[in-house]
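S.K.: Sharing a structure below in structure tokens format, with a few things to ask.
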Amino acid sequence: MDDGLRLLRAARSTTTGPAALLGDPVLRERTAGYLADLTRPYGLSVPGGLFDAPSGAFGQSYGEMAAELIPAVVPPDEPVDLLVLAFAVHDVLPGRATAAYLSHVCPGTPMSFALCDQGSAAAFTGLRIAREYGCRRALLVTAEQAVLPYDTAVPGPARHRTVAMLYGTAADDSTRSGGGASGTDNGDGGTGCGPERIDLGGDAGVTALRQHADVRADDVAALAAAEVRELTAGRTDVAVVLGADLAAVWPGPGGGAVTTGPERQPSTGVWWALLDRLAEDAARPRPVVTADYEPGLGYLSVVALAPAVRSEPVGERGADERAQPLVRLRGADCDPDPGAG
């Protein structure tokens, strides 16, 4: 059932170029030493001289990336009670208290903390915490950067990207999603930088949020399909959005379009695709079920949203309704350019 938490506003951005704060040579020196100390026990090394001068090879600051988005979703007169920063890949300054910094720049100076070490499940966990925290407004930010100064076992994200989503309760009538997209287009074409405000077509209420741990790769397709069947409950007007890792194992039979997030964007991909779906449906909002799988940790996360104006929440099932399978996969980000800028 709908607990009153609604997605009110959302914005996103693709960042290019080096982090501005690394124009400071003292910070570059500290960063080089800090990362060298962190990687040494694992047999990794930071190339000597990499931080001698500002360069796009440094990576990004989540503080800078998120701070740029906050004004796009949180006006000065609408203070936030809770801020959650979710990420999987650390940024260029892993020793910085980024969540505390973002609280400082966010209206309301909210309680804030960071979630990591959960892979693509981190943002779902952040949303679950927001539901249970009992706040009036919560800002959920998920971010990822594409550059690390050492080799990794798996490829990193393809782009530096950030997604910010403002949630509020049904009792808070002062906040509305309103308005169309603004800022520079950085969606599928990836042609620019700067915040892109998303037209949601109205508030979307969170009607269900489920997380499963220790899900084996062999079992995730069946479990995810069962969750989607239960939450769609035979309705034909429900959109489905899947992260790339889950889409790769999705069984794919059936009758409704499935939107997939871009590959190699494990933290932001499914949310980027969700915002695409909501924007495309803005004129005629419909329920959406969003799911993602974290293969390294075995987490399956599922969230359902429905237009707040509708009285029937996603997952409400009639006795004579049958679950309808789903069909094809449609990529939400068709840009073949994997460059991080």
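Following the order of the structure tokens, chains are lettered A, B, ..., residues in each are numbered from 1, and ligands are numbered from 1.
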Can you tell me, as a PDB file with C-alpha atoms, in the first residue's frame, what residues are no more than 10 Å from region 210-219 of chain A when counting only C-alpha atoms, ignoring any on the same chain fewer than 6 positions away?
M.R.:
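Wrote around-v1.pdb, looks like this:
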```
ATOM      1  CA  ALA A 121      21.405  -1.799  -4.506  1.00  0.00           C
ATOM      2  CA  PHE A 124      17.248   1.298  -3.372  1.00  0.00           C
ATOM      3  CA  THR A 125      18.445   0.961   0.220  1.00  0.00           C
ATOM      4  CA  ARG A 128      13.962   2.273   1.855  1.00  0.00           C
ATOM      5  CA  GLU A 227       8.041  -9.884  -8.286  1.00  0.00           C
ATOM      6  CA  LEU A 246      19.000  -7.704 -14.666  1.00  0.00           C
ATOM      7  CA  VAL A 249      19.088 -12.391 -17.687  1.00  0.00           C
ATOM      8  CA  ALA A 291      14.182  -3.464 -10.615  1.00  0.00           C
ATOM      9  CA  ASP A 292      17.918  -4.076 -10.611  1.00  0.00           C
ATOM     10  CA  TYR A 293      20.310  -6.878  -9.678  1.00  0.00           C
ATOM     11  CA  GLU A 294      23.739  -6.544  -8.104  1.00  0.00           C
ATOM     12  CA  PRO A 295      25.543  -9.687  -9.340  1.00  0.00           C
ATOM     13  CA  GLY A 296      28.643  -9.285  -7.201  1.00  0.00           C
ATOM     14  CA  LEU A 297      26.670  -9.239  -3.946  1.00  0.00           C
ATOM     15  CA  GLY A 298      23.490 -11.057  -4.928  1.00  0.00           C
ATOM     16  CA  TYR A 299      21.017  -8.248  -4.172  1.00  0.00           C
ATOM     17  CA  LEU A 300      17.731  -7.976  -6.059  1.00  0.00           C
ATOM     18  CA  SER A 301      15.887  -4.688  -5.513  1.00  0.00           C
ATOM     19  CA  VAL A 302      12.409  -3.776  -6.739  1.00  0.00           C
ATOM     20  CA  VAL A 303      10.404  -0.558  -6.349  1.00  0.00           C
ATOM     21  CA  ALA A 304       6.921   0.262  -7.659  1.00  0.00           C
TER      22      ALA A 304
END
```
S.K.: If you run DSSP on the backbone, which residues of region 54-291 of chain A are alpha helix (DSSP H), as a PDB file with C-alpha atoms, in the first residue's frame?
M.R.:
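To be explicit, this is the file written out as states.pdb:
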```pdb
ATOM      1  CA  TYR A  62      30.726  13.637  -5.865  1.00  0.00           C
ATOM      2  CA  GLY A  63      30.469  16.765  -3.779  1.00  0.00           C
ATOM      3  CA  GLU A  64      30.750  18.925  -6.890  1.00  0.00           C
ATOM      4  CA  MET A  65      28.531  16.685  -9.015  1.00  0.00           C
ATOM      5  CA  ALA A  66      25.708  16.510  -6.461  1.00  0.00           C
ATOM      6  CA  ALA A  67      25.921  20.144  -5.358  1.00  0.00           C
ATOM      7  CA  GLU A  68      25.283  21.185  -8.944  1.00  0.00           C
ATOM      8  CA  LEU A  69      22.011  19.213  -8.999  1.00  0.00           C
ATOM      9  CA  ILE A  70      20.593  20.211  -5.613  1.00  0.00           C
ATOM     10  CA  PRO A  71      19.273  23.657  -6.704  1.00  0.00           C
ATOM     11  CA  ALA A  72      17.451  21.983  -9.602  1.00  0.00           C
ATOM     12  CA  VAL A  73      15.262  19.931  -7.255  1.00  0.00           C
ATOM     13  CA  THR A  98      30.872  14.252   1.145  1.00  0.00           C
ATOM     14  CA  ALA A  99      27.439  13.616   2.658  1.00  0.00           C
ATOM     15  CA  ALA A 100      28.167  16.125   5.420  1.00  0.00           C
ATOM     16  CA  TYR A 101      29.291  18.672   2.840  1.00  0.00           C
ATOM     17  CA  LEU A 102      26.104  18.164   0.821  1.00  0.00           C
ATOM     18  CA  SER A 103      24.030  18.726   3.958  1.00  0.00           C
ATOM     19  CA  HIS A 104      25.781  22.086   4.288  1.00  0.00           C
ATOM     20  CA  VAL A 105      24.799  23.167   0.765  1.00  0.00           C
ATOM     21  CA  ALA A 122      22.660   1.276  -2.617  1.00  0.00           C
ATOM     22  CA  ALA A 123      20.096   3.750  -3.995  1.00  0.00           C
ATOM     23  CA  PHE A 124      17.248   1.298  -3.372  1.00  0.00           C
ATOM     24  CA  THR A 125      18.445   0.961   0.220  1.00  0.00           C
ATOM     25  CA  GLY A 126      18.574   4.743   0.473  1.00  0.00           C
ATOM     26  CA  LEU A 127      14.961   4.956  -0.656  1.00  0.00           C
ATOM     27  CA  ARG A 128      13.962   2.273   1.855  1.00  0.00           C
ATOM     28  CA  ILE A 129      15.623   4.267   4.624  1.00  0.00           C
ATOM     29  CA  ALA A 130      13.808   7.409   3.497  1.00  0.00           C
ATOM     30  CA  ARG A 131      10.480   5.563   3.764  1.00  0.00           C
ATOM     31  CA  GLU A 132      11.273   4.388   7.288  1.00  0.00           C
ATOM     32  CA  TYR A 133      12.866   7.590   8.532  1.00  0.00           C
ATOM     33  CA  ALA A 217      22.565 -15.566 -10.575  1.00  0.00           C
ATOM     34  CA  ASP A 218      20.721 -18.750 -11.605  1.00  0.00           C
ATOM     35  CA  ASP A 219      17.676 -17.729  -9.547  1.00  0.00           C
ATOM     36  CA  VAL A 220      17.421 -13.994 -10.142  1.00  0.00           C
ATOM     37  CA  ALA A 221      15.476 -14.117 -13.419  1.00  0.00           C
ATOM     38  CA  ALA A 222      12.679 -16.232 -11.962  1.00  0.00           C
ATOM     39  CA  LEU A 223      12.507 -14.216  -8.728  1.00  0.00           C
ATOM     40  CA  ALA A 224      12.496 -10.880 -10.547  1.00  0.00           C
ATOM     41  CA  ALA A 225       9.804 -12.052 -12.959  1.00  0.00           C
ATOM     42  CA  ALA A 226       7.673 -13.238 -10.026  1.00  0.00           C
ATOM     43  CA  GLU A 227       8.041  -9.884  -8.286  1.00  0.00           C
ATOM     44  CA  VAL A 228       7.083  -7.978 -11.417  1.00  0.00           C
ATOM     45  CA  ARG A 229       4.088 -10.254 -12.015  1.00  0.00           C
ATOM     46  CA  GLU A 230       2.866  -9.694  -8.466  1.00  0.00           C
ATOM     47  CA  LEU A 231       3.334  -5.930  -8.574  1.00  0.00           C
ATOM     48  CA  THR A 232       1.766  -5.485 -11.997  1.00  0.00           C
ATOM     49  CA  ALA A 244      21.373  -3.605 -17.411  1.00  0.00           C
ATOM     50  CA  ASP A 245      22.555  -6.549 -15.290  1.00  0.00           C
ATOM     51  CA  LEU A 246      19.000  -7.704 -14.666  1.00  0.00           C
ATOM     52  CA  ALA A 247      17.955  -7.117 -18.275  1.00  0.00           C
ATOM     53  CA  GLY A 269      21.691   3.484 -14.983  1.00  0.00           C
ATOM     54  CA  VAL A 270      18.345   2.155 -13.763  1.00  0.00           C
ATOM     55  CA  TRP A 271      17.367   5.545 -12.290  1.00  0.00           C
ATOM     56  CA  TRP A 272      18.397   7.319 -15.486  1.00  0.00           C
ATOM     57  CA  ALA A 273      16.133   4.929 -17.391  1.00  0.00           C
ATOM     58  CA  LEU A 274      13.321   5.426 -14.869  1.00  0.00           C
ATOM     59  CA  LEU A 275      13.447   9.189 -15.398  1.00  0.00           C
ATOM     60  CA  ASP A 276      13.385   8.632 -19.164  1.00  0.00           C
ATOM     61  CA  ARG A 277      10.299   6.462 -18.750  1.00  0.00           C
ATOM     62  CA  LEU A 278       8.520   8.961 -16.497  1.00  0.00           C
ATOM     63  CA  ALA A 279       9.352  11.841 -18.836  1.00  0.00           C
ATOM     64  CA  GLU A 280       8.067   9.968 -21.878  1.00  0.00           C
TER      65      GLU A 280
END
```
S.K.: Of the residues A:Val206, A:Ala239, A:Leu8, A:Val26, which is the one nearest to Val289 (chain A), using only C-alpha atoms?
M.R.: A:Ala239
S.K.: In Å, rounded to a single decimal, give me how far CA of Gly201 (chain A) is from CA of Leu82 (chain A).
M.R.: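 Here the two named atoms are 24.2 Å from each other.
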S.K.: Find the residue from A:Val74, A:Ala114, A:Ala11, A:Leu35 that sits nearest to Ala88 (chain A); use only C-alpha atoms when measuring.
M.R.: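 Closest residue, counting only C-alpha atoms: A:Ala114.
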S.K.: Taking only C-alpha atoms into account, which of A:Ala208, A:Ile198, A:Val46, A:Ala10 comes nearest Gly33 (chain A)?
M.R.: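 Closest candidate: A:Val46.
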S.K.: Distance CA of Cys135 (chain A)-CA of Gly202 (chain A), one decimal place?
M.R.: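 CA of Cys135 (chain A) sits 20.5 Å away from CA of Gly202 (chain A).
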S.K.: Could you tell me which of A:Leu27, A:Leu7, A:Ala32, A:Ala86 comes closest to Ser267 (chain A) if we count only C-alpha atoms?
M.R.: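 Of A:Leu27, A:Leu7, A:Ala32, A:Ala86, the one nearest Ser267 (chain A), counting only C-alpha atoms, is A:Ala86.
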S.K.: Between A:Tyr150, A:Ser120, A:Thr16, A:His90, single out the one closest to Arg40 (chain A), counting only C-alpha atoms.
M.R.: A:Tyr150
S.K.: Would you please work out which residue, of A:Pro75, A:Pro149, A:Gly134, A:Gly119, is nearest to Thr169 (chain A) when using only C-alpha atoms?
M.R.: A:Gly134
